[in-house]
Amino acid sequence: MVDELVEVTENRLWAGLYYLLELRAPAIAAEAQPGQFVHIRVPGCADALLRRPFSIYRVQGETVSVLYKVVGKGTAALARVRAGERLEVLGPLGHGFSLPRAGEEEPLLVAGGYGVAALYLLAERSPCRGILFEGGRTRGDVLCEEEFRALGWEVRVTTEDGSHGWRGLVTEPLREELARRARGRKLYACGPTGMLRAVARLAEEFGVAAEVSLDEPMCCGVGVCLTCVVPVRTAEGWEYQRACTEGPVFDARRVLWEVPA
Amino acid sequence: MVDELVEVTENRLWAGLYYLLELRAPAIAAEAQPGQFVHIRVPGCADALLRRPFSIYRVQGETVSVLYKVVGKGTAALARVRAGERLEVLGPLGHGFSLPRAGEEEPLLVAGGYGVAALYLLAERSPCRGILFEGGRTRGDVLCEEEFRALGWEVRVTTEDGSHGWRGLVTEPLREELARRARGRKLYACGPTGMLRAVARLAEEFGVAAEVSLDEPMCCGVGVCLTCVVPVRTAEGWEYQRACTEGPVFDARRVLWEVPA
Amino acid sequence: MNLAVQIGGLRLQNPVTVASGTFGYGVEYARLLDLNRLGAVTVKGICLRPVRGNPKPRTAEVTSGLLNAIGLQGPGVDGFIRHYWPFLRQLRVPTIINIWGTTIEEYAEVARRFDELEGVGALELNVSCPNIKEGGAQFGTDCRLLGRVVAACRRATRLPLITKLSPNVTSIVPYARVAEQEGSDALSIMNSYPALAIDIETRRPRLGNGIGGLTGPCIKPIAVKLVYDAACAVRIPIIGMGGIQSAADAVEFLLAGATAVAVGTANFYAPRTALEVIEGLQAYMKRHGIGDVRELIGRVEMPGTGRPAEAGAPEGAGGSD
Amino acid sequence: MNLAVQIGGLRLQNPVTVASGTFGYGVEYARLLDLNRLGAVTVKGICLRPVRGNPKPRTAEVTSGLLNAIGLQGPGVDGFIRHYWPFLRQLRVPTIINIWGTTIEEYAEVARRFDELEGVGALELNVSCPNIKEGGAQFGTDCRLLGRVVAACRRATRLPLITKLSPNVTSIVPYARVAEQEGSDALSIMNSYPALAIDIETRRPRLGNGIGGLTGPCIKPIAVKLVYDAACAVRIPIIGMGGIQSAADAVEFLLAGATAVAVGTANFYAPRTALEVIEGLQAYMKRHGIGDVRELIGRVEMPGTGRPAEAGAPEGAGGSD
Ligand SMILES: Cc1cc2nc3c(=O)[nH]c(=O)nc-3n(C[C@H](O)[C@H](O)[C@H](O)COP(=O)(O)OP(=O)(O)OC[C@H]3O[C@@H](n4cnc5c(N)ncnc54)[C@H](O)[C@@H]3O)c2cc1C
Ligand SMILES: Cc1cc2nc3c(=O)[nH]c(=O)nc-3n(C[C@H](O)[C@H](O)[C@H](O)COP(=O)(O)OP(=O)(O)OC[C@H]3O[C@@H](n4cnc5c(N)ncnc54)[C@H](O)[C@@H]3O)c2cc1C
Ligand SMILES: Cc1cc2nc3c(=O)[nH]c(=O)nc-3n(C[C@H](O)[C@H](O)[C@H](O)COP(=O)(O)O)c2cc1C
Ligand SMILES: Cc1cc2nc3c(=O)[nH]c(=O)nc-3n(C[C@H](O)[C@H](O)[C@H](O)COP(=O)(O)O)c2cc1C
Ligand code: FES
Ligand code: FES
């Protein structure tokens, strides 16, 4: 983990509402693992102090890429940063995905929102190809199809309005596939919490292992502030674990989706 | 007085350490009087809330110009604003210089620091030409010589280190000129407070009228906060007047340079 | 859509006024805004005699805020009536006159003088001042003194009386209650927070007076809590202020329990803020299908307790780490 | 050039530590900073038993600050000693253990347990907590209770005892004095300020707990004044904190009367801040020809009074408008 002042080599609207941010960040690139994130200090909003977390999308040589959407103050300011400017970036952070075991676990990736960006590195470094199930509200939300196909993965798209791929929720074609064959498969999911819960339920129903990357608001990103805690099952009952440190990736069987009374 | 969102048409390092800021500000341009100022809200330093005051330098059609030096947070952020961006500008503000009466008052302008910028409009609109005495520490501090000469004014420059013009303080050639002839002359001064006090003393010594533009830290710029008060002689004794409203230009004879005990 | 609210006997066409000391005497900003669009105009604090004010520097910009020690410069009652009242009198919105004194008798005398003045909307008592008679103890941080000042002013005038509370107290509840009991028609919360900024090159305070009052967006969360605490404790309406820059900020105060809001420091750098708050309030209400702004007052849903009106005294414990 | 200072019996190689709750238990930031360069490491608050903490959201970003209601999540004394102490013990700089309790007896028990632990640098008492036995009154806002907590901890340990004061009091002077009288070796000023932020779309507070504590640059001027007030009233050293982001900020606290400073919220967005403060302090001292950092302590020149050491109790009157 390092805190680097890195050069922005690219920052542009890339697909749909998503921007591509490319950073020359050699130390972070060298250590980055699938499912990890970076914590970026955004200039130009001096009264909004906290860093913002973004999943590591691609690593190419010294370059780390991020895909992000403008949702609020920080991302709006990030979109105004120009190539050539520098950003303070902390990373790589968090406990990421474990690579599928070749021959034993065929990976089924499930993505919504920015989740597909978080899964790319896993797909790229996986010893075996599998299927990416990607869902969104409409066509413009669906990212990186070609990037995953270029890796040799099968991509099945769902949109809620039917404007692209199957019409419905992403868990529907996933259910069909698991019903066809669950044995030897493993799920990896990243997206909105509702989607993750549905994936966890499917994993339990079909008895498959699943890793979910949780989307928790963060503050420090390194495990000291205790903002990002999620309840996790333990031998003795349950405890809070930190989405920025023990996570964001967790074994779906251990995630408690509500805090026990 | 208006509060306009105006377009920046130029913002570049111009001479020495001074930047030229040109604004397309038709409503302000139409009302601007010599010695008035604008109050600029600088983007890019969200935790520094207050506007910064700058003298109106030139008015050409719809364009209002300002010359400024980077001294702190606000001016540093101002220097990063690009042409095409917009700024919130309040103005024109303040009580400015009175034009010399043709044939009765030969104007002698005395400038230091950014003061020469504040005096340009006076020189341009004056019914008669006079002499500009401009002082600075070194050559790089001396601005706008050619601009004033192009208006037909005589310019006498002083630098403390002698790198340009006479060596010494600006009040020295002024004293010589007043000693040569004081009658029918009027002084107009803008610059550091020490210089203004010296000019006021000379005015008293030689019995000439003088108007001084005071450099007081400001907050609201429009007369409500009572930050910028200066003690001013009145019939009943003295009172505080506001440098942003009753000033920044005052009759030098009435300015009290210390608050009476 | 109704935006009108009542502050004691005073009806405001909308819940937005300006904070004393940040809007002069109205005439200064009249060139930039149509004052008749405001709920009310609140003027700079007036005491019996003219006051020159503190040595400079009187203000200092701090992170997301302002530190001030103006020293309550003012023309005195006579000077105010002669120079500023004619303009305010012809406005179609009420004027709230902020008043202060150095002794209880002075407060009451100022209140009495304005009681005699035709057309005043309300008086707002600034109690964040030292009591010269009692060794400089502040009226606003001594419950007993506060009660006596409010009672004295209450006897001196029939005008709506708004008591403006100091924030630097262990709990605002006893102060709010005393002010209510002694006859305040409303409260204003909050005045500036005592603070200090030091110039490390000169080793002197950045203000000529040393200590100053902190205002602006930096203090908003403190002000919102104080409004909430007071709203749980009294029935009289509250004018909330402290760092309001937008309609969203204003809605926070209303939800916390304020009946009206005041825009202060923001006037200095964004003079149209008060009008933008009014417009933004209307947009917010439209978006949420709210027909009457009074539906917002005190409607924050706190954990475990629901509405402030039902909450009673909030727990004494801070919930923070 | 000397940067070393004494906090009670504890020698710090430089006057910079980190604020409890913003630096975990040291190990987390060890990958980013050389902890052995700090004056001391101050850890997250520990109480007798493990604590899970508050419902989320636990933090909210506000203008130039942070609102938090973490709920003092922690491993308890045993868990701390087992999991975190081995790492801290091998540091070459002292550890200040921040402790808290729900009753006076609990505070004393925690103090006693750490008194028995070999190698602890000092204990810092977080009194901004509710006293469960006394109906939830906060230790830090009740002078009598504060005195009893400090006295109980004083009896329980010989370690340097730092009492961390709550800022939301009418005057910090009586609290500083009580803490000193009952045996504190030093004070920490300030803990977070109670505050509230409301989400206007949901009408709920932005924190799961409702009320939270405000920290960060927005509160610095309040903290600097409280340090000054306390420094005028007591002789024991003060660790100043509240929004420090730079060496310049740290110097303000020293000039106001602090002997040491702590970097808090800034760690979250600029993890190297504490080290930059140390380096910047050295640069400032070099520029001003100061050979010993202790020359800065309390050296602010307030109007009319000179140094805080000579000032006595600062005037009760706020100087603000
Ligand atoms: C591990 C992780 C990885 C992420 N990866 C991506 C990504 O690859 N691409 C992408 O577009 N977004 C990603 N996000 C979400 C992204 O962090 C938020 O969209 C962003 O922080 C919003 O900041 P803002 O200032 O624009 O919004 P604001 O609403 O102004 O943010 C205010 C505060 O809330 C926090 N916040 C608000 N929304 C979220 C959220 N959904 N999740 C976490 N924190 C939030 C912010 O970080 C900030 O501290 C990720 C979040 C996490 C936790
Ligand atoms: C009427 C008037 C006209 C001016 N005209 C010009 C001009 O034409 N060109 C130019 O370069 N400068 C001019 N100045 C000075 C200019 O306003 C300051 O240099 C500028 O405000 C500094 O802001 P900053 O944020 O860079 O510095 P900071 O030190 O960060 O400013 C902090 C605060 O102090 C105030 N401040 C600091 N220095 C001064 C100062 N010398 N005068 C007034 N306020 C100050 C700022 O306005 C701000 O509120 C003028 C000042 C006044 C009062
Ligand atoms: C420069 C200045 C002068 C003030 N003068 C007064 C005053 O005379 N009387 C008063 O009660 N409050 C006065 N205040 C306090 C404001 O009315 C208001 O309570 C405070 O500024 C908080 O609101 P804000 O953060 O929106 O500015 C003054 C504030 C400032 C900044
Ligand atoms: C997330 C968070 C957790 C905190 N936890 C504690 C704590 O456990 N004990 C304590 O005494 N103070 C705690 N504090 C208060 C800090 O130690 C410090 O007093 C305060 O944050 C002010 O300093 P700052 O503005 O530099 O952050 C916490 C502050 C924050 C932001
Ligand atoms: S964000 Fe601070 S502990 Fe996870
Ligand atoms: S700057 Fe506010 S009155 Fe002049």
# chains A, B, ... in the order shown; residues from 1 in each chain; ligands from 1
>>> residues_near_ligand(ligand="ligand 4", cutoff="7 Å", atoms="only C-alpha atoms and all ligand atoms", output="number ranges by chain")
A: 225; C: 321; D: 19-22, 44-45, 66, 68, 70, 72, 98, 126, 164, 190-192, 215-217, 219-220, 241-244, 262-266
>>> select_by_dssp(residues="segment 22-95 of chain B", states="alpha helix (DSSP H)", output="JSON, numbers by chain")
{"B": [26, 27, 28, 29, 30, 31, 73, 74, 75, 76, 77, 78, 79]}
>>> write_last_selection(atoms="all heavy atoms", output="tab-separated table (two decimals), in the first residue's frame")
chain	number	residue	atom	x	y	z
B	26	PRO	N	-20.43	43.89	-19.16
B	26	PRO	CA	-21.03	45.12	-19.72
B	26	PRO	C	-21.67	46.04	-18.69
B	26	PRO	O	-21.48	47.26	-18.75
B	26	PRO	CB	-22.08	44.60	-20.71
B	26	PRO	CG	-22.20	43.14	-20.47
B	26	PRO	CD	-20.97	42.69	-19.78
B	27	ALA	N	-22.40	45.45	-17.73
B	27	ALA	CA	-23.10	46.32	-16.77
B	27	ALA	C	-22.10	47.04	-15.87
B	27	ALA	O	-22.30	48.20	-15.50
B	27	ALA	CB	-24.08	45.48	-15.95
B	28	ILE	N	-21.04	46.38	-15.51
B	28	ILE	CA	-20.02	47.00	-14.66
B	28	ILE	C	-19.24	48.03	-15.46
B	28	ILE	O	-18.97	49.15	-15.00
B	28	ILE	CB	-19.08	45.93	-14.06
B	28	ILE	CG1	-19.88	44.97	-13.17
B	28	ILE	CG2	-17.96	46.59	-13.26
B	28	ILE	CD1	-19.09	43.81	-12.60
B	29	ALA	N	-18.91	47.67	-16.70
B	29	ALA	CA	-18.16	48.58	-17.57
B	29	ALA	C	-18.91	49.89	-17.75
B	29	ALA	O	-18.31	50.98	-17.74
B	29	ALA	CB	-17.89	47.92	-18.91
B	30	ALA	N	-20.22	49.79	-17.90
B	30	ALA	CA	-21.03	50.97	-18.17
B	30	ALA	C	-21.02	51.96	-17.02
B	30	ALA	O	-21.12	53.17	-17.23
B	30	ALA	CB	-22.46	50.55	-18.49
B	31	GLU	N	-20.89	51.45	-15.79
B	31	GLU	CA	-21.00	52.34	-14.62
B	31	GLU	C	-19.65	52.73	-14.03
B	31	GLU	O	-19.58	53.63	-13.20
B	31	GLU	CB	-21.78	51.63	-13.50
B	31	GLU	CG	-23.23	51.32	-13.82
B	31	GLU	CD	-23.88	50.58	-12.65
B	31	GLU	OE1	-23.42	50.75	-11.50
B	31	GLU	OE2	-24.85	49.83	-12.91
B	73	LYS	N	-3.90	32.89	-1.05
B	73	LYS	CA	-4.77	31.82	-1.50
B	73	LYS	C	-5.68	32.23	-2.67
B	73	LYS	O	-5.79	31.54	-3.67
B	73	LYS	CB	-5.65	31.42	-0.32
B	73	LYS	CG	-5.97	29.99	-0.23
B	73	LYS	CD	-6.56	29.68	1.15
B	73	LYS	CE	-7.06	28.23	1.15
B	73	LYS	NZ	-7.59	27.85	2.46
B	74	GLY	N	-6.37	33.35	-2.47
B	74	GLY	CA	-7.37	33.77	-3.45
B	74	GLY	C	-6.75	34.17	-4.77
B	74	GLY	O	-7.22	33.77	-5.84
B	75	THR	N	-5.68	34.96	-4.71
B	75	THR	CA	-5.04	35.39	-5.95
B	75	THR	C	-4.35	34.21	-6.64
B	75	THR	O	-4.30	34.15	-7.87
B	75	THR	CB	-4.03	36.52	-5.70
B	75	THR	OG1	-3.26	36.23	-4.53
B	75	THR	CG2	-4.77	37.85	-5.47
B	76	ALA	N	-3.86	33.24	-5.87
B	76	ALA	CA	-3.28	32.04	-6.48
B	76	ALA	C	-4.34	31.27	-7.25
B	76	ALA	O	-4.12	30.81	-8.37
B	76	ALA	CB	-2.64	31.16	-5.42
B	77	ALA	N	-5.52	31.14	-6.66
B	77	ALA	CA	-6.61	30.44	-7.34
B	77	ALA	C	-7.08	31.24	-8.54
B	77	ALA	O	-7.44	30.67	-9.58
B	77	ALA	CB	-7.76	30.21	-6.37
B	78	LEU	N	-7.08	32.56	-8.42
B	78	LEU	CA	-7.51	33.41	-9.54
B	78	LEU	C	-6.59	33.21	-10.73
B	78	LEU	O	-7.04	33.13	-11.88
B	78	LEU	CB	-7.51	34.88	-9.10
B	78	LEU	CG	-8.07	35.90	-10.10
B	78	LEU	CD1	-9.49	35.56	-10.52
B	78	LEU	CD2	-8.01	37.30	-9.50
B	79	ALA	N	-5.30	33.06	-10.46
B	79	ALA	CA	-4.33	32.87	-11.55
B	79	ALA	C	-4.56	31.58	-12.31
B	79	ALA	O	-4.11	31.43	-13.45
B	79	ALA	CB	-2.91	32.92	-10.99
>>> residues_near_ligand(ligand="ligand 1", cutoff="7 Å", atoms="only C-alpha atoms and all ligand atoms", output="PDB file with N, CA, C and O atoms, in the first residue's frame")
ATOM      1  N   PHE A  37      -9.227  -1.681  -4.335  1.00  0.00           N
ATOM      2  CA  PHE A  37      -9.664  -0.349  -4.745  1.00  0.00           C
ATOM      3  C   PHE A  37      -8.582   0.675  -4.433  1.00  0.00           C
ATOM      4  O   PHE A  37      -7.591   0.370  -3.759  1.00  0.00           O
ATOM      5  N   LEU A  50     -12.861  14.349   2.444  1.00  0.00           N
ATOM      6  CA  LEU A  50     -12.561  12.928   2.380  1.00  0.00           C
ATOM      7  C   LEU A  50     -12.187  12.443   0.992  1.00  0.00           C
ATOM      8  O   LEU A  50     -12.634  12.984  -0.017  1.00  0.00           O
ATOM      9  N   ARG A  51     -11.379  11.396   0.980  1.00  0.00           N
ATOM     10  CA  ARG A  51     -11.070  10.727  -0.274  1.00  0.00           C
ATOM     11  C   ARG A  51     -12.283   9.908  -0.710  1.00  0.00           C
ATOM     12  O   ARG A  51     -13.167   9.605   0.094  1.00  0.00           O
ATOM     13  N   ARG A  52     -12.308   9.573  -2.009  1.00  0.00           N
ATOM     14  CA  ARG A  52     -13.393   8.751  -2.557  1.00  0.00           C
ATOM     15  C   ARG A  52     -12.806   7.437  -3.062  1.00  0.00           C
ATOM     16  O   ARG A  52     -11.760   7.440  -3.724  1.00  0.00           O
ATOM     17  N   PRO A  53     -13.472   6.303  -2.755  1.00  0.00           N
ATOM     18  CA  PRO A  53     -12.948   5.004  -3.184  1.00  0.00           C
ATOM     19  C   PRO A  53     -13.453   4.605  -4.570  1.00  0.00           C
ATOM     20  O   PRO A  53     -14.614   4.838  -4.912  1.00  0.00           O
ATOM     21  N   PHE A  54     -12.555   4.008  -5.357  1.00  0.00           N
ATOM     22  CA  PHE A  54     -12.918   3.497  -6.681  1.00  0.00           C
ATOM     23  C   PHE A  54     -12.213   2.182  -6.928  1.00  0.00           C
ATOM     24  O   PHE A  54     -11.035   2.025  -6.601  1.00  0.00           O
ATOM     25  N   SER A  55     -12.947   1.244  -7.520  1.00  0.00           N
ATOM     26  CA  SER A  55     -12.378  -0.074  -7.801  1.00  0.00           C
ATOM     27  C   SER A  55     -11.281   0.043  -8.850  1.00  0.00           C
ATOM     28  O   SER A  55     -11.357   0.865  -9.766  1.00  0.00           O
ATOM     29  N   ILE A  56     -10.294  -0.803  -8.721  1.00  0.00           N
ATOM     30  CA  ILE A  56      -9.271  -0.888  -9.763  1.00  0.00           C
ATOM     31  C   ILE A  56      -9.868  -1.691 -10.915  1.00  0.00           C
ATOM     32  O   ILE A  56     -10.284  -2.838 -10.734  1.00  0.00           O
ATOM     33  N   TYR A  57      -9.907  -1.100 -12.086  1.00  0.00           N
ATOM     34  CA  TYR A  57     -10.506  -1.719 -13.275  1.00  0.00           C
ATOM     35  C   TYR A  57      -9.435  -2.494 -14.050  1.00  0.00           C
ATOM     36  O   TYR A  57      -9.450  -3.708 -14.097  1.00  0.00           O
ATOM     37  N   VAL A  66      -9.577   3.353 -13.779  1.00  0.00           N
ATOM     38  CA  VAL A  66     -10.795   3.363 -12.976  1.00  0.00           C
ATOM     39  C   VAL A  66     -11.934   3.783 -13.883  1.00  0.00           C
ATOM     40  O   VAL A  66     -11.755   4.633 -14.762  1.00  0.00           O
ATOM     41  N   LEU A  67     -13.103   3.202 -13.699  1.00  0.00           N
ATOM     42  CA  LEU A  67     -14.310   3.677 -14.390  1.00  0.00           C
ATOM     43  C   LEU A  67     -15.225   4.263 -13.331  1.00  0.00           C
ATOM     44  O   LEU A  67     -15.523   3.601 -12.339  1.00  0.00           O
ATOM     45  N   TYR A  68     -15.692   5.513 -13.544  1.00  0.00           N
ATOM     46  CA  TYR A  68     -16.530   6.111 -12.521  1.00  0.00           C
ATOM     47  C   TYR A  68     -17.656   6.940 -13.125  1.00  0.00           C
ATOM     48  O   TYR A  68     -17.536   7.450 -14.234  1.00  0.00           O
ATOM     49  N   LYS A  69     -18.713   7.066 -12.339  1.00  0.00           N
ATOM     50  CA  LYS A  69     -19.874   7.846 -12.746  1.00  0.00           C
ATOM     51  C   LYS A  69     -19.969   9.056 -11.819  1.00  0.00           C
ATOM     52  O   LYS A  69     -19.590   8.973 -10.645  1.00  0.00           O
ATOM     53  N   VAL A  70     -20.470  10.164 -12.336  1.00  0.00           N
ATOM     54  CA  VAL A  70     -20.649  11.348 -11.498  1.00  0.00           C
ATOM     55  C   VAL A  70     -21.945  11.204 -10.727  1.00  0.00           C
ATOM     56  O   VAL A  70     -23.033  11.132 -11.308  1.00  0.00           O
ATOM     57  N   VAL A  71     -21.836  11.113  -9.400  1.00  0.00           N
ATOM     58  CA  VAL A  71     -23.038  10.994  -8.575  1.00  0.00           C
ATOM     59  C   VAL A  71     -23.175  12.135  -7.571  1.00  0.00           C
ATOM     60  O   VAL A  71     -24.273  12.420  -7.097  1.00  0.00           O
ATOM     61  N   GLY A  72     -22.053  12.762  -7.236  1.00  0.00           N
ATOM     62  CA  GLY A  72     -22.093  13.820  -6.228  1.00  0.00           C
ATOM     63  C   GLY A  72     -20.898  14.734  -6.379  1.00  0.00           C
ATOM     64  O   GLY A  72     -20.246  14.777  -7.425  1.00  0.00           O
ATOM     65  N   LYS A  73     -20.599  15.421  -5.311  1.00  0.00           N
ATOM     66  CA  LYS A  73     -19.588  16.467  -5.291  1.00  0.00           C
ATOM     67  C   LYS A  73     -18.195  15.995  -5.744  1.00  0.00           C
ATOM     68  O   LYS A  73     -17.559  16.609  -6.589  1.00  0.00           O
ATOM     69  N   GLY A  74     -17.750  14.903  -5.137  1.00  0.00           N
ATOM     70  CA  GLY A  74     -16.390  14.439  -5.400  1.00  0.00           C
ATOM     71  C   GLY A  74     -16.216  13.940  -6.815  1.00  0.00           C
ATOM     72  O   GLY A  74     -15.225  14.273  -7.488  1.00  0.00           O
ATOM     73  N   THR A  75     -17.159  13.135  -7.284  1.00  0.00           N
ATOM     74  CA  THR A  75     -17.037  12.616  -8.644  1.00  0.00           C
ATOM     75  C   THR A  75     -17.204  13.722  -9.676  1.00  0.00           C
ATOM     76  O   THR A  75     -16.590  13.693 -10.740  1.00  0.00           O
ATOM     77  N   ALA A  76     -18.026  14.728  -9.357  1.00  0.00           N
ATOM     78  CA  ALA A  76     -18.161  15.865 -10.278  1.00  0.00           C
ATOM     79  C   ALA A  76     -16.829  16.606 -10.391  1.00  0.00           C
ATOM     80  O   ALA A  76     -16.411  16.996 -11.481  1.00  0.00           O
ATOM     81  N   TYR A 114     -21.067  -0.173 -11.198  1.00  0.00           N
ATOM     82  CA  TYR A 114     -19.619  -0.131 -11.480  1.00  0.00           C
ATOM     83  C   TYR A 114     -18.978  -1.495 -11.253  1.00  0.00           C
ATOM     84  O   TYR A 114     -17.780  -1.664 -11.467  1.00  0.00           O
ATOM     85  N   GLY A 115     -19.807  -2.451 -10.814  1.00  0.00           N
ATOM     86  CA  GLY A 115     -19.254  -3.755 -10.444  1.00  0.00           C
ATOM     87  C   GLY A 115     -18.463  -4.447 -11.531  1.00  0.00           C
ATOM     88  O   GLY A 115     -17.493  -5.156 -11.256  1.00  0.00           O
ATOM     89  N   ALA A 117     -16.443  -3.156 -13.534  1.00  0.00           N
ATOM     90  CA  ALA A 117     -15.066  -2.650 -13.507  1.00  0.00           C
ATOM     91  C   ALA A 117     -14.254  -3.383 -12.440  1.00  0.00           C
ATOM     92  O   ALA A 117     -13.094  -3.725 -12.648  1.00  0.00           O
ATOM     93  N   ALA A 118     -14.881  -3.665 -11.310  1.00  0.00           N
ATOM     94  CA  ALA A 118     -14.178  -4.328 -10.211  1.00  0.00           C
ATOM     95  C   ALA A 118     -13.844  -5.779 -10.549  1.00  0.00           C
ATOM     96  O   ALA A 118     -12.952  -6.378  -9.954  1.00  0.00           O
ATOM     97  N   LEU A 214     -18.672  -5.805  -1.234  1.00  0.00           N
ATOM     98  CA  LEU A 214     -19.683  -4.931  -0.663  1.00  0.00           C
ATOM     99  C   LEU A 214     -19.410  -3.451  -0.954  1.00  0.00           C
ATOM    100  O   LEU A 214     -18.251  -3.029  -1.006  1.00  0.00           O
ATOM    101  N   ASP A 215     -20.481  -2.696  -1.118  1.00  0.00           N
ATOM    102  CA  ASP A 215     -20.406  -1.275  -1.435  1.00  0.00           C
ATOM    103  C   ASP A 215     -20.775  -0.484  -0.190  1.00  0.00           C
ATOM    104  O   ASP A 215     -21.928  -0.148   0.032  1.00  0.00           O
ATOM    105  N   GLU A 216     -19.772  -0.212   0.649  1.00  0.00           N
ATOM    106  CA  GLU A 216     -20.019   0.509   1.901  1.00  0.00           C
ATOM    107  C   GLU A 216     -19.395   1.896   1.849  1.00  0.00           C
ATOM    108  O   GLU A 216     -18.241   2.036   1.451  1.00  0.00           O
ATOM    109  N   PRO A 217     -20.124   2.913   2.260  1.00  0.00           N
ATOM    110  CA  PRO A 217     -19.514   4.245   2.352  1.00  0.00           C
ATOM    111  C   PRO A 217     -18.262   4.170   3.215  1.00  0.00           C
ATOM    112  O   PRO A 217     -18.251   3.497   4.257  1.00  0.00           O
ATOM    113  N   MET A 218     -17.214   4.845   2.774  1.00  0.00           N
ATOM    114  CA  MET A 218     -15.942   4.780   3.473  1.00  0.00           C
ATOM    115  C   MET A 218     -15.457   6.166   3.878  1.00  0.00           C
ATOM    116  O   MET A 218     -15.922   7.175   3.368  1.00  0.00           O
ATOM    117  N   CYS A 219     -14.517   6.177   4.790  1.00  0.00           N
ATOM    118  CA  CYS A 219     -13.967   7.443   5.270  1.00  0.00           C
ATOM    119  C   CYS A 219     -12.448   7.357   5.148  1.00  0.00           C
ATOM    120  O   CYS A 219     -11.877   7.940   4.267  1.00  0.00           O
ATOM    121  N   CYS A 244     -13.312  -2.003   4.187  1.00  0.00           N
ATOM    122  CA  CYS A 244     -12.106  -1.480   3.527  1.00  0.00           C
ATOM    123  C   CYS A 244     -10.886  -2.340   3.806  1.00  0.00           C
ATOM    124  O   CYS A 244      -9.845  -2.163   3.155  1.00  0.00           O
ATOM    125  N   PRO A 248     -13.219  -5.247   0.590  1.00  0.00           N
ATOM    126  CA  PRO A 248     -14.662  -5.300   0.343  1.00  0.00           C
ATOM    127  C   PRO A 248     -15.195  -6.681  -0.053  1.00  0.00           C
ATOM    128  O   PRO A 248     -16.386  -6.892  -0.068  1.00  0.00           O
TER     129      PRO A 248
ATOM    130  N   ALA D  60     -20.249  11.173   8.461  1.00  0.00           N
ATOM    131  CA  ALA D  60     -20.808  11.960   7.362  1.00  0.00           C
ATOM    132  C   ALA D  60     -19.864  13.130   7.105  1.00  0.00           C
ATOM    133  O   ALA D  60     -19.440  13.806   8.044  1.00  0.00           O
ATOM    134  N   GLU D  61     -19.556  13.329   5.867  1.00  0.00           N
ATOM    135  CA  GLU D  61     -18.708  14.458   5.501  1.00  0.00           C
ATOM    136  C   GLU D  61     -19.551  15.722   5.555  1.00  0.00           C
ATOM    137  O   GLU D  61     -20.664  15.746   5.033  1.00  0.00           O
TER     138      GLU D  61
END
>>> interface_residues(of="chain C", to="chain B", cutoff="8 Å", atoms="only C-alpha atoms", output="list in words")
Gly21, Thr22, Phe23, Gly24, Tyr25, Glu28, Tyr29, Arg31, Leu32, Arg52, Lys56, Pro57, Arg58, Thr59, Glu61, Val62, Thr63, Ser64, Gly65, Ile70, Gln73, Asn267, Phe268 and Tyr269 of chain C
>>> write_last_selection(atoms="C-alpha atoms", output="compact mmCIF listing (two decimals), in the first residue's frame")
# COMPACT_ATOMS: atom_id res chain seq x y z
CA GLY C 21 -24.82 42.33 11.36
CA THR C 22 -24.62 40.80 7.91
CA PHE C 23 -27.12 43.04 6.19
CA GLY C 24 -26.46 46.50 7.57
CA TYR C 25 -29.69 48.47 7.78
CA GLU C 28 -27.03 48.86 1.45
CA TYR C 29 -28.29 45.69 -0.24
CA ARG C 31 -29.49 48.00 -4.90
CA LEU C 32 -28.83 44.29 -5.36
CA ARG C 52 -17.35 53.16 17.52
CA LYS C 56 -8.83 46.45 13.41
CA PRO C 57 -8.47 43.88 12.07
CA ARG C 58 -12.13 43.21 12.70
CA THR C 59 -12.62 40.13 10.55
CA GLU C 61 -11.29 34.56 6.93
CA VAL C 62 -10.93 31.04 8.35
CA THR C 63 -11.58 27.61 6.86
CA SER C 64 -15.15 27.66 5.55
CA GLY C 65 -15.99 30.50 7.86
CA ILE C 70 -16.55 44.17 14.90
CA GLN C 73 -20.28 49.56 15.94
CA ASN C 267 -24.52 37.59 2.28
CA PHE C 268 -20.91 38.76 2.19
CA TYR C 269 -19.84 36.55 -0.70
